[in-house]
$ cat final23.txt   # compact mmCIF, C-alpha atoms and all ligand atoms
# COMPACT_ATOMS: atom_id res chain seq x y z
CA MET A 1 -56.92 20.72 -0.22
CA SER A 2 -55.58 21.36 -3.73
CA VAL A 3 -53.54 18.62 -5.35
CA GLU A 4 -50.64 20.10 -7.29
CA ARG A 5 -50.63 19.10 -10.93
CA PRO A 6 -47.63 17.34 -12.44
CA LEU A 7 -45.41 19.68 -14.44
CA LYS A 8 -44.09 19.40 -17.98
CA ILE A 9 -40.36 19.93 -17.72
CA ALA A 10 -37.59 20.11 -20.35
CA ILE A 11 -34.03 19.67 -19.10
CA LEU A 12 -31.14 20.77 -21.33
CA CYS A 13 -27.63 19.53 -20.54
CA HIS A 14 -24.20 18.44 -21.72
CA PRO A 15 -24.04 14.64 -21.98
CA THR A 16 -21.02 14.30 -19.69
CA TYR A 17 -19.95 11.37 -17.53
CA GLY A 18 -19.74 13.54 -14.43
CA GLY A 19 -20.65 16.96 -13.10
CA SER A 20 -23.50 18.90 -14.64
CA GLY A 21 -24.47 16.07 -17.00
CA VAL A 22 -24.94 13.71 -14.06
CA VAL A 23 -26.78 16.26 -11.93
CA ALA A 24 -29.15 17.05 -14.81
CA SER A 25 -29.73 13.37 -15.59
CA GLU A 26 -30.33 12.42 -11.95
CA LEU A 27 -32.68 15.38 -11.54
CA ALA A 28 -34.60 14.34 -14.67
CA LEU A 29 -34.96 10.77 -13.38
CA SER A 30 -36.06 11.89 -9.92
CA LEU A 31 -38.62 14.38 -11.24
CA ALA A 32 -40.04 11.78 -13.61
CA GLU A 33 -40.29 9.29 -10.74
CA ARG A 34 -42.32 11.93 -8.90
CA GLY A 35 -44.85 11.93 -11.73
CA HIS A 36 -43.74 14.94 -13.78
CA ALA A 37 -43.47 14.64 -17.57
CA VAL A 38 -39.73 15.08 -18.13
CA HIS A 39 -37.93 15.44 -21.45
CA LEU A 40 -34.14 15.69 -21.56
CA PHE A 41 -32.36 17.38 -24.45
CA ALA A 42 -28.65 16.91 -25.18
CA HIS A 43 -26.53 16.35 -28.25
CA ARG A 44 -25.96 12.73 -27.18
CA VAL A 45 -27.70 10.47 -24.69
CA PRO A 46 -26.04 11.22 -21.32
CA PRO A 47 -24.21 8.12 -20.01
CA ARG A 48 -26.29 8.08 -16.82
CA LEU A 49 -29.47 7.62 -18.92
CA ALA A 50 -28.03 5.39 -21.63
CA ALA A 51 -28.59 2.13 -19.77
CA SER A 52 -32.01 2.96 -18.45
CA PRO A 53 -33.75 6.29 -19.07
CA GLY A 54 -36.71 5.11 -16.97
CA PRO A 55 -39.68 7.40 -17.51
CA VAL A 56 -37.52 10.24 -18.93
CA GLU A 57 -37.92 10.96 -22.65
CA VAL A 58 -34.44 11.57 -24.00
CA HIS A 59 -33.91 13.58 -27.19
CA ALA A 60 -30.40 13.37 -28.65
CA SER A 61 -30.27 16.27 -31.11
CA GLN A 62 -27.14 16.13 -33.20
CA GLY A 63 -28.08 18.43 -36.06
CA LEU A 64 -27.25 18.20 -39.72
CA PRO A 65 -23.53 18.23 -40.52
CA TYR A 66 -22.93 20.65 -43.39
CA PRO A 67 -19.59 21.60 -44.97
CA LEU A 68 -20.21 25.31 -44.33
CA PHE A 69 -20.04 24.68 -40.57
CA SER A 70 -16.59 24.02 -39.14
CA SER A 71 -18.33 21.77 -36.60
CA THR A 72 -21.94 20.69 -36.35
CA PRO A 73 -23.86 23.28 -34.29
CA HIS A 74 -25.57 20.93 -31.85
CA ASP A 75 -26.86 23.88 -29.87
CA LEU A 76 -29.04 24.98 -32.81
CA ALA A 77 -30.41 21.46 -33.14
CA ILE A 78 -31.20 21.34 -29.42
CA THR A 79 -32.94 24.73 -29.58
CA SER A 80 -34.99 23.54 -32.52
CA ALA A 81 -35.91 20.26 -30.82
CA VAL A 82 -36.99 22.04 -27.61
CA LEU A 83 -39.18 24.43 -29.61
CA SER A 84 -40.65 21.68 -31.71
CA HIS A 85 -41.58 19.61 -28.64
CA HIS A 86 -42.87 22.67 -26.82
CA ARG A 87 -45.33 23.27 -29.64
CA THR A 88 -46.94 19.88 -29.02
CA ILE A 89 -46.27 19.29 -25.33
CA GLY A 90 -46.42 22.80 -23.82
CA PHE A 91 -43.55 22.78 -21.33
CA ASP A 92 -44.03 24.69 -18.08
CA ILE A 93 -40.31 24.85 -17.36
CA LEU A 94 -37.16 24.80 -19.49
CA HIS A 95 -34.29 24.03 -17.13
CA ALA A 96 -30.88 24.79 -18.65
CA HIS A 97 -27.83 23.20 -17.00
CA TYR A 98 -24.57 25.06 -17.68
CA ALA A 99 -25.29 28.51 -19.10
CA LEU A 100 -23.59 28.02 -22.45
CA PRO A 101 -25.23 27.20 -24.73
CA HIS A 102 -28.26 25.79 -22.97
CA ALA A 103 -29.63 28.98 -21.42
CA MET A 104 -29.46 30.50 -24.88
CA SER A 105 -31.38 27.59 -26.39
CA ALA A 106 -34.02 27.81 -23.68
CA LEU A 107 -34.41 31.59 -24.04
CA VAL A 108 -34.76 31.40 -27.81
CA ALA A 109 -37.45 28.73 -27.38
CA ARG A 110 -39.19 30.95 -24.80
CA SER A 111 -39.10 33.96 -27.16
CA ALA A 112 -40.48 31.90 -30.02
CA ALA A 113 -43.29 30.60 -27.81
CA ALA A 114 -44.18 34.19 -26.87
CA LEU A 115 -44.13 35.32 -30.48
CA GLU A 116 -46.35 32.41 -31.51
CA ASN A 117 -48.75 33.10 -28.62
CA LEU A 118 -48.30 29.58 -27.37
CA ASP A 119 -49.83 28.66 -24.09
CA PRO A 120 -47.98 28.26 -21.80
CA ILE A 121 -44.94 30.39 -22.43
CA PRO A 122 -42.36 28.31 -20.60
CA ARG A 123 -40.31 29.71 -17.74
CA VAL A 124 -36.55 29.43 -18.01
CA VAL A 125 -34.50 28.20 -15.04
CA THR A 126 -30.73 28.34 -15.55
CA THR A 127 -28.38 26.44 -13.27
CA LEU A 128 -24.80 27.69 -13.23
CA HIS A 129 -22.38 24.84 -12.59
CA GLY A 130 -18.93 26.38 -12.44
CA THR A 131 -16.72 27.02 -15.41
CA ASP A 132 -19.75 28.38 -17.29
CA VAL A 133 -18.97 31.38 -15.06
CA THR A 134 -15.43 31.01 -13.76
CA ILE A 135 -13.51 30.13 -16.91
CA VAL A 136 -15.70 29.98 -20.01
CA GLY A 137 -18.40 32.50 -19.07
CA LYS A 138 -15.94 35.15 -17.91
CA ASP A 139 -13.83 34.95 -21.01
CA PRO A 140 -14.26 38.18 -22.99
CA SER A 141 -15.42 36.12 -25.98
CA TYR A 142 -18.48 34.92 -24.03
CA ALA A 143 -18.93 37.32 -21.09
CA PRO A 144 -21.54 39.71 -22.56
CA LEU A 145 -23.70 36.78 -23.65
CA THR A 146 -23.32 34.96 -20.32
CA GLN A 147 -24.37 38.08 -18.44
CA TYR A 148 -27.42 38.46 -20.65
CA LEU A 149 -28.41 34.79 -20.26
CA ILE A 150 -28.27 34.95 -16.48
CA GLY A 151 -30.31 38.16 -16.36
CA ALA A 152 -32.88 37.08 -18.93
CA SER A 153 -33.62 33.72 -17.28
CA ASP A 154 -36.74 33.72 -15.14
CA VAL A 155 -34.55 32.47 -12.32
CA ALA A 156 -30.90 31.46 -12.09
CA THR A 157 -29.36 29.11 -9.55
CA ALA A 158 -25.77 28.38 -8.60
CA VAL A 159 -24.53 25.10 -7.15
CA SER A 160 -22.66 26.78 -4.29
CA ALA A 161 -22.60 30.10 -2.42
CA SER A 162 -19.05 30.56 -3.63
CA LEU A 163 -20.15 30.32 -7.27
CA ALA A 164 -23.09 32.67 -6.60
CA ASP A 165 -20.68 35.21 -5.08
CA GLU A 166 -18.27 34.91 -7.97
CA THR A 167 -21.13 35.32 -10.46
CA ARG A 168 -22.38 38.42 -8.70
CA GLU A 169 -18.90 39.88 -8.43
CA HIS A 170 -18.16 39.40 -12.06
CA PHE A 171 -21.48 39.92 -13.77
CA CYS A 172 -23.52 42.16 -11.53
CA PRO A 173 -21.45 44.45 -9.38
CA LEU A 174 -24.43 46.79 -9.06
CA SER A 175 -27.79 45.85 -7.63
CA SER A 176 -29.53 44.37 -10.65
CA PRO A 177 -31.82 41.49 -11.55
CA GLU A 178 -28.81 39.42 -12.56
CA CYS A 179 -27.91 39.32 -8.88
CA ALA A 180 -31.08 37.40 -8.01
CA LEU A 181 -29.34 34.06 -7.72
CA GLN A 182 -30.51 31.12 -5.64
CA VAL A 183 -28.09 28.58 -4.24
CA ILE A 184 -29.23 24.99 -4.69
CA PRO A 185 -26.36 22.60 -4.05
CA ASN A 186 -25.77 19.40 -5.98
CA PHE A 187 -26.96 16.07 -4.67
CA VAL A 188 -26.04 12.43 -4.81
CA ASP A 189 -28.19 9.32 -4.97
CA GLU A 190 -27.28 8.04 -1.53
CA GLU A 191 -28.72 4.61 -2.25
CA ARG A 192 -26.53 4.10 -5.30
CA PHE A 193 -23.44 5.64 -3.67
CA HIS A 194 -23.06 3.92 -0.30
CA PRO A 195 -20.24 2.59 1.89
CA ALA A 196 -18.79 -0.83 1.11
CA ALA A 197 -20.59 -3.67 2.83
CA GLU A 198 -19.06 -4.78 6.13
CA GLY A 199 -16.02 -6.98 5.50
CA THR A 200 -15.53 -5.94 1.85
CA GLY A 201 -13.53 -2.74 2.33
CA PRO A 202 -11.33 -0.89 2.52
CA HIS A 203 -8.58 -2.19 0.29
CA PRO A 204 -5.87 -4.24 2.09
CA ILE A 205 -3.21 -1.98 0.50
CA ALA A 206 -3.85 1.71 1.20
CA CYS A 207 -5.52 3.13 -1.87
CA ALA A 208 -6.41 6.67 -2.93
CA VAL A 209 -8.84 7.44 -5.74
CA HIS A 210 -9.49 10.43 -7.98
CA VAL A 211 -12.26 10.84 -10.54
CA SER A 212 -12.32 13.63 -13.13
CA ASN A 213 -12.39 14.75 -16.73
CA PHE A 214 -8.58 15.26 -16.66
CA ARG A 215 -8.90 18.90 -17.68
CA PRO A 216 -6.02 21.22 -16.67
CA VAL A 217 -8.22 22.74 -13.94
CA LYS A 218 -8.18 19.34 -12.15
CA ARG A 219 -4.34 19.38 -11.93
CA VAL A 220 -3.98 15.60 -12.17
CA PRO A 221 -0.18 15.80 -12.67
CA TRP A 222 0.12 17.88 -9.46
CA LEU A 223 -2.00 15.28 -7.67
CA ILE A 224 0.24 12.45 -8.90
CA GLU A 225 3.34 14.29 -7.66
CA ALA A 226 1.68 14.79 -4.26
CA PHE A 227 0.80 11.10 -4.13
CA ALA A 228 4.41 10.16 -4.98
CA ARG A 229 5.64 12.44 -2.15
CA ALA A 230 3.19 10.98 0.35
CA THR A 231 3.83 7.35 -0.42
CA ALA A 232 7.56 7.02 -1.19
CA GLY A 233 8.77 3.65 0.05
CA THR A 234 5.24 2.19 0.46
CA ARG A 235 3.02 -0.08 -1.62
CA SER A 236 0.11 2.39 -1.57
CA GLU A 237 -1.87 2.72 -4.76
CA LEU A 238 -3.62 5.48 -6.65
CA THR A 239 -6.60 4.79 -8.91
CA LEU A 240 -7.46 7.45 -11.48
CA VAL A 241 -10.88 7.25 -13.09
CA GLY A 242 -11.84 9.31 -16.14
CA ASP A 243 -10.25 10.65 -19.25
CA GLY A 244 -9.40 13.95 -20.86
CA PRO A 245 -6.68 16.26 -22.14
CA ASP A 246 -4.17 15.64 -19.31
CA ARG A 247 -4.34 11.87 -19.30
CA ALA A 248 -1.30 11.23 -21.52
CA VAL A 249 0.89 13.70 -19.65
CA SER A 250 -0.23 12.13 -16.36
CA GLU A 251 0.64 8.61 -17.51
CA ASP A 252 4.02 9.85 -18.65
CA LEU A 253 4.63 11.56 -15.30
CA ALA A 254 3.74 8.43 -13.30
CA SER A 255 6.27 6.55 -15.39
CA ARG A 256 8.99 9.20 -14.93
CA LEU A 257 8.37 9.19 -11.17
CA GLY A 258 8.83 5.40 -11.18
CA ILE A 259 5.36 4.73 -9.74
CA SER A 260 3.54 3.34 -12.80
CA ASP A 261 3.11 0.02 -11.03
CA ARG A 262 1.19 1.80 -8.24
CA VAL A 263 -0.93 4.18 -10.34
CA ARG A 264 -3.86 2.73 -12.28
CA PHE A 265 -5.53 4.68 -15.08
CA LEU A 266 -8.98 3.20 -15.56
CA GLY A 267 -10.45 5.61 -18.13
CA MET A 268 -14.16 6.38 -18.19
CA ARG A 269 -16.18 4.04 -15.99
CA ASP A 270 -19.87 3.79 -15.22
CA ALA A 271 -19.53 1.68 -12.08
CA LEU A 272 -18.32 4.53 -9.89
CA PRO A 273 -19.78 3.44 -6.54
CA GLU A 274 -18.01 0.08 -6.84
CA LEU A 275 -14.71 1.82 -7.62
CA LEU A 276 -15.03 4.39 -4.83
CA ALA A 277 -16.26 2.24 -1.98
CA PRO A 278 -13.04 0.18 -1.37
CA ALA A 279 -10.77 3.27 -1.41
CA ASN A 280 -9.27 4.74 1.78
CA VAL A 281 -9.06 8.36 0.63
CA PHE A 282 -10.49 10.47 -2.21
CA LEU A 283 -8.22 13.13 -3.72
CA LEU A 284 -9.12 16.37 -5.48
CA ALA A 285 -6.40 18.90 -6.38
CA SER A 286 -8.30 21.39 -8.56
CA SER A 287 -7.21 24.97 -9.07
CA GLU A 288 -10.91 25.94 -9.25
CA GLU A 289 -13.94 23.92 -8.26
CA SER A 290 -17.38 25.42 -7.85
CA PHE A 291 -18.68 22.39 -5.96
CA GLY A 292 -16.84 19.09 -6.41
CA LEU A 293 -19.55 16.54 -7.15
CA SER A 294 -17.00 13.71 -7.25
CA ALA A 295 -15.97 14.54 -3.67
CA LEU A 296 -19.62 14.42 -2.61
CA GLU A 297 -20.02 11.00 -4.25
CA ALA A 298 -16.94 9.77 -2.37
CA MET A 299 -18.37 11.09 0.91
CA ALA A 300 -21.61 9.23 0.21
CA CYS A 301 -19.47 6.08 -0.03
CA GLY A 302 -17.93 6.84 3.38
CA ILE A 303 -14.54 7.93 1.98
CA PRO A 304 -12.67 10.90 3.53
CA VAL A 305 -11.55 13.60 1.13
CA VAL A 306 -8.24 15.44 0.81
CA SER A 307 -8.72 18.47 -1.42
CA THR A 308 -7.42 21.88 -2.26
CA ALA A 309 -9.47 24.62 -0.58
CA VAL A 310 -10.89 26.27 -3.68
CA GLY A 311 -14.28 27.63 -4.72
CA GLY A 312 -17.20 25.79 -3.19
CA VAL A 313 -15.32 22.70 -1.97
CA ALA A 314 -15.42 23.99 1.62
CA GLU A 315 -19.24 23.93 1.39
CA VAL A 316 -19.02 20.21 0.64
CA VAL A 317 -16.04 18.97 2.67
CA GLU A 318 -15.83 20.09 6.30
CA ASP A 319 -12.16 20.63 7.00
CA GLY A 320 -10.93 18.35 9.81
CA ILE A 321 -14.28 16.53 10.03
CA THR A 322 -15.10 14.87 6.70
CA GLY A 323 -11.63 15.36 5.23
CA HIS A 324 -8.82 17.88 4.91
CA LEU A 325 -8.54 21.06 2.87
CA VAL A 326 -5.16 22.54 2.03
CA GLY A 327 -3.90 25.63 0.22
CA VAL A 328 -4.00 25.38 -3.54
CA ALA A 329 -0.21 25.68 -3.85
CA ASP A 330 0.65 23.59 -0.80
CA GLN A 331 1.64 20.23 -2.20
CA GLU A 332 3.55 19.33 0.94
CA ALA A 333 0.43 19.75 3.13
CA PHE A 334 -1.63 17.79 0.60
CA ALA A 335 0.87 14.91 0.73
CA LEU A 336 1.08 15.08 4.53
CA ARG A 337 -2.71 14.91 4.97
CA LEU A 338 -2.90 11.95 2.62
CA ARG A 339 -0.09 10.16 4.46
CA GLU A 340 -1.77 10.82 7.82
CA LEU A 341 -5.00 9.23 6.67
CA PHE A 342 -3.19 6.24 5.17
CA ASP A 343 -1.33 5.78 8.46
CA ASP A 344 -4.41 6.11 10.65
CA PRO A 345 -7.23 3.96 9.22
CA GLY A 346 -9.38 4.57 12.31
CA ARG A 347 -9.30 8.34 11.75
CA ALA A 348 -9.95 7.84 8.02
CA ARG A 349 -12.95 5.65 8.82
CA ALA A 350 -14.36 8.19 11.29
CA MET A 351 -14.01 10.99 8.75
CA GLY A 352 -15.64 8.80 6.11
CA GLN A 353 -18.59 8.13 8.42
CA ALA A 354 -18.91 11.85 9.14
CA GLY A 355 -18.92 12.47 5.38
CA ARG A 356 -21.71 9.97 4.82
CA ALA A 357 -23.73 11.59 7.64
CA ARG A 358 -23.19 15.03 6.08
CA VAL A 359 -24.44 13.77 2.72
CA LEU A 360 -27.59 12.33 4.31
CA ALA A 361 -28.24 15.53 6.27
CA HIS A 362 -27.65 18.09 3.52
CA PHE A 363 -27.17 16.63 0.04
CA SER A 364 -29.60 13.74 -0.28
CA ARG A 365 -31.44 13.27 -3.54
CA ASP A 366 -34.96 13.84 -2.16
CA ARG A 367 -34.03 16.99 -0.27
CA ILE A 368 -32.44 18.74 -3.25
CA VAL A 369 -34.95 17.53 -5.85
CA SER A 370 -37.70 18.99 -3.65
CA ARG A 371 -35.89 22.32 -3.68
CA TYR A 372 -35.90 22.39 -7.48
CA GLU A 373 -39.55 21.34 -7.52
CA ASP A 374 -40.43 24.18 -5.12
CA LEU A 375 -38.45 26.62 -7.24
CA TYR A 376 -40.34 25.59 -10.39
CA ARG A 377 -43.71 26.05 -8.65
CA ARG A 378 -42.73 29.42 -7.18
CA THR A 379 -41.46 30.60 -10.54
CA LEU A 380 -44.69 29.52 -12.22
CA ALA A 381 -46.77 31.21 -9.53
CA THR A 382 -45.04 34.56 -10.10
CA PRO A 383 -46.77 36.58 -12.81
CA ARG A 384 -44.43 37.55 -15.60
CA ASP A 385 -44.51 40.76 -17.54
CA VAL A 386 -44.31 39.38 -21.08
CA SER A 387 -43.50 42.77 -22.48
CA ALA A 388 -40.22 42.69 -20.59
CA PRO A 389 -39.09 39.08 -20.40
CA GLY A 390 -36.73 38.73 -17.49
CA PRO A 391 -36.55 37.29 -14.00
CA ALA A 392 -39.99 36.16 -12.81
CA ALA A 393 -39.04 35.18 -9.29
CA PRO A 394 -36.18 37.24 -7.99
CA CYS A 395 -34.91 35.43 -4.95
CA THR A 396 -31.90 36.32 -2.93
CA THR A 397 -29.57 33.78 -1.43
O1 LIG B 401 -16.86 23.04 -15.72
C1 LIG B 401 -16.41 21.93 -15.92
O2 LIG B 401 -15.25 21.66 -16.12
C2 LIG B 401 -17.38 20.84 -15.93
C3 LIG B 401 -18.51 21.12 -15.02
C4 LIG B 401 -19.54 20.15 -15.40
O3 LIG B 401 -20.35 20.49 -16.23
O4 LIG B 401 -19.49 19.04 -14.91
O5 LIG B 401 -18.10 21.00 -13.64
C5 LIG B 401 -18.66 21.90 -12.77
O6 LIG B 401 -19.95 21.47 -12.40
C6 LIG B 401 -20.02 20.37 -11.50
C7 LIG B 401 -21.49 20.05 -11.23
O7 LIG B 401 -22.17 21.12 -10.70
C8 LIG B 401 -19.29 20.74 -10.19
O8 LIG B 401 -19.35 19.67 -9.28
C9 LIG B 401 -17.83 21.05 -10.53
O9 LIG B 401 -17.21 21.48 -9.33
C10 LIG B 401 -17.74 22.13 -11.57
N1 LIG B 401 -16.35 22.22 -12.04
C11 LIG B 401 -15.58 23.29 -11.80
O10 LIG B 401 -15.97 24.27 -11.18
C12 LIG B 401 -14.20 23.21 -12.31
$ encode --input "final23.txt" --output "structure tokens"
Amino acid sequence: MSVERPLKIAILCHPTYGGSGVVASELALSLAERGHAVHLFAHRVPPRLAASPGPVEVHASQGLPYPLFSSTPHDLAITSAVLSHHRTIGFDILHAHYALPHAMSALVARSAAALENLDPIPRVVTTLHGTDVTIVGKDPSYAPLTQYLIGASDVATAVSASLADETREHFCPLSSPECALQVIPNFVDEERFHPAAEGTGPHPIACAVHVSNFRPVKRVPWLIEAFARATAGTRSELTLVGDGPDRAVSEDLASRLGISDRVRFLGMRDALPELLAPANVFLLASSEESFGLSALEAMACGIPVVSTAVGGVAEVVEDGITGHLVGVADQEAFALRLRELFDDPGRARAMGQAGRARVLAHFSRDRIVSRYEDLYRRTLATPRDVSAPGPAAPCTT
């Protein structure tokens, strides 16, 4: 029986508190724990790895600030760092999270390795996370490049079937290699994110929670209005975790609605499981959402979700079972569903338990990390025509 050798893997990501930065960091940690040599490249140390990178080697590549540049081009520094480390380490896989700019960095490093006759020439895996297709990638200023990056990667994955469909629709209407997308959903560390211990939750006053980067796509002001509608005349509370462009306008709105005393803005927090576990309901009101990792984390904590039915959220939250999904413009239904769950703690608890069970059955860390590991090995086992760098392992969803 052949024992499979450990792989040398470079992971490129944005150093964000949530979303793709967390998925990439958790994947890096899990792969390293499985014995692979894992290097993570970002322009800052991702928060999830700052406290304890474990066996992952983290490279924060900021680049040289120079007055000619209007902002420091971190992406060039990351590309350079990946190439430099590839020359000494010999990566098997360069895994880019979020197409822009990381797939570009990985592909440039792959081309350089080919030109220099390095052995191995790394394979490029690109994971599409959401707005790298739906908002940023589709924008005419980036679309031609995004299309090229997806097609030139050895394999591209999307975090939901909905995102894969949208990618195909927009970037590859005809049958072409760009359409060879695999769906590998996000995962959550179900040991870190777990229900509150018996007797410690939920909160004695009904409490809803939302976690995001407060970008317009998250519609935090809309969510606050819905909360105000649902809870008029009650003492119910809303906890908002995170920070971003819409934070100030959201604080102002809570004050104008006269509910500042019931809405807490906590800013960026690392201790998410502790903040989620005592909540009764998790809220997500996005106008677009390819997956909704924060909803998955809430489900892992046994919290039911009320969300708008957009993008890939329906692949995460089962409507009527692990939470409720409502039309993106239907604030009244959103408020009603929230109120129902506040008024019926037994139903909320049952939905929360169903959510936790769904996480364990479909989105556990081991299950999804194994899927990436299999994908790497399959990609490496597929011979590549170096004269025409492109997809090595076309796989359909
Ligand atoms: O696109 C963003 O606004 C951020 C992005 C990210 O990098 O975190 O979020 C996307 O990726 C997450 C991880 O795969 C998904 O859980 C989010 O649903 C997705 N955001 C959107 O589609 C708006």
$ closest_residue --input "final23.txt" --among "A:Pro53, A:Gly292, A:Gly312, A:Pro144" --to "ligand LIG 401 (chain B)" --atoms "all atoms listed in the file"
A:Gly292
$ atom_distance --input "final23.txt" --atom1 "CA of Ser307 (chain A)" --atom2 "CA of Gly244 (chain A)"
20.0 Å
$ residues_near_ligand --input "final23.txt" --ligand "ligand LIG 401 (chain B)" --cutoff "6 Å" --atoms "only C-alpha atoms and all ligand atoms" --output "list in words"
Gly18, Gly19, Ser20, His129, Gly130, Thr131, Val159, Glu288, Glu289, Ser290, Phe291, Gly292 and Leu293 of chain A
$ residues_around --input "final23.txt" --residues "Ala81 (chain A)" --least-positions-apart "5" --cutoff "12 Å" --atoms "only C-alpha atoms" --output "compact mmCIF listing (two decimals) with C-alpha atoms, in the frame of the given file"
# COMPACT_ATOMS: atom_id res chain seq x y z
CA ALA A 10 -37.59 20.11 -20.35
CA ILE A 11 -34.03 19.67 -19.10
CA LEU A 12 -31.14 20.77 -21.33
CA HIS A 39 -37.93 15.44 -21.45
CA LEU A 40 -34.14 15.69 -21.56
CA PHE A 41 -32.36 17.38 -24.45
CA ALA A 42 -28.65 16.91 -25.18
CA HIS A 43 -26.53 16.35 -28.25
CA VAL A 58 -34.44 11.57 -24.00
CA HIS A 59 -33.91 13.58 -27.19
CA ALA A 60 -30.40 13.37 -28.65
CA SER A 61 -30.27 16.27 -31.11
CA GLN A 62 -27.14 16.13 -33.20
CA GLY A 63 -28.08 18.43 -36.06
CA HIS A 74 -25.57 20.93 -31.85
CA ASP A 75 -26.86 23.88 -29.87
CA LEU A 76 -29.04 24.98 -32.81
CA HIS A 86 -42.87 22.67 -26.82
CA ARG A 87 -45.33 23.27 -29.64
CA THR A 88 -46.94 19.88 -29.02
CA ILE A 89 -46.27 19.29 -25.33
CA SER A 105 -31.38 27.59 -26.39
CA ALA A 106 -34.02 27.81 -23.68
CA VAL A 108 -34.76 31.40 -27.81
CA ALA A 109 -37.45 28.73 -27.38
$ closest_residue --input "final23.txt" --among "A:Leu29, A:Ala354, A:Leu149, A:Leu107" --to "Val316 (chain A)" --atoms "only C-alpha atoms"
A:Ala354
$ residues_around --input "final23.txt" --residues "Ala228 (chain A)" --least-positions-apart "3" --cutoff "12 Å" --atoms "only C-alpha atoms" --output "NGL selection string"
:A and (208 or 221-225 or 231-238 or 253-263 or 331-332 or 334-336 or 338-339)
$ closest_residue --input "final23.txt" --among "A:Ser25, A:Ala112, A:Pro101, A:Val3" --to "Pro73 (chain A)" --atoms "only C-alpha atoms"
A:Pro101
$ residues_around --input "final23.txt" --residues "Arg48 (chain A)" --least-positions-apart "6" --cutoff "8 Å" --atoms "only C-alpha atoms" --output "mmCIF file with C-alpha atoms, in the frame of the given file"
data_model
loop_
_atom_site.group_PDB
_atom_site.id
_atom_site.type_symbol
_atom_site.label_atom_id
_atom_site.label_comp_id
_atom_site.auth_asym_id
_atom_site.auth_seq_id
_atom_site.Cartn_x
_atom_site.Cartn_y
_atom_site.Cartn_z
ATOM 1 C CA TYR A 17 -19.950 11.370 -17.530
ATOM 2 C CA VAL A 22 -24.940 13.710 -14.060
ATOM 3 C CA SER A 25 -29.730 13.370 -15.590
ATOM 4 C CA GLU A 26 -30.330 12.420 -11.950
ATOM 5 C CA ASP A 270 -19.870 3.790 -15.220
#
$ residues_around --input "final23.txt" --residues "Gly311 (chain A)" --least-positions-apart "2" --cutoff "9 Å" --atoms "all atoms listed in the file" --output "mmCIF file with C-alpha atoms, keeping the file's coordinate frame"
data_model
loop_
_atom_site.group_PDB
_atom_site.id
_atom_site.type_symbol
_atom_site.label_atom_id
_atom_site.label_comp_id
_atom_site.auth_asym_id
_atom_site.auth_seq_id
_atom_site.Cartn_x
_atom_site.Cartn_y
_atom_site.Cartn_z
ATOM 1 C CA SER A 160 -22.660 26.780 -4.290
ATOM 2 C CA ALA A 161 -22.600 30.100 -2.420
ATOM 3 C CA SER A 162 -19.050 30.560 -3.630
ATOM 4 C CA LEU A 163 -20.150 30.320 -7.270
ATOM 5 C CA GLU A 166 -18.270 34.910 -7.970
ATOM 6 C CA SER A 287 -7.210 24.970 -9.070
ATOM 7 C CA GLU A 288 -10.910 25.940 -9.250
ATOM 8 C CA GLU A 289 -13.940 23.920 -8.260
ATOM 9 C CA SER A 290 -17.380 25.420 -7.850
ATOM 10 C CA PHE A 291 -18.680 22.390 -5.960
ATOM 11 C CA ALA A 309 -9.470 24.620 -0.580
ATOM 12 C CA VAL A 313 -15.320 22.700 -1.970
ATOM 13 C CA ALA A 314 -15.420 23.990 1.620
ATOM 14 C CA GLU A 315 -19.240 23.930 1.390
#
$ atom_distance --input "final23.txt" --atom1 "CA of Val183 (chain A)" --atom2 "CA of Leu145 (chain A)"
21.5 Å
$ atom_distance --input "final23.txt" --atom1 "CA of Thr127 (chain A)" --atom2 "CA of Ile184 (chain A)"
8.7 Å
$ residues_around --input "final23.txt" --residues "region 294-298 of chain A" --least-positions-apart "5" --cutoff "8 Å" --atoms "only C-alpha atoms" --output "PyMOL selection string"
chain A and resi 18-19+187-188+193+211-212+273+276-277+282-284+303-305+316-317+359
$ closest_residue --input "final23.txt" --among "A:Ile9, A:Ala51, A:Ala357, A:Val133" --to "Leu94 (chain A)" --atoms "all atoms listed in the file"
A:Ile9
$ closest_residue --input "final23.txt" --among "A:Val155, A:Leu128, A:Ala196, A:Val326" --to "Arg378 (chain A)" --atoms "only C-alpha atoms"
A:Val155
$ closest_residue --input "final23.txt" --among "A:Asp246, A:Glu4, A:Glu57, A:Glu340" --to "Ala381 (chain A)" --atoms "all atoms listed in the file"
A:Glu4
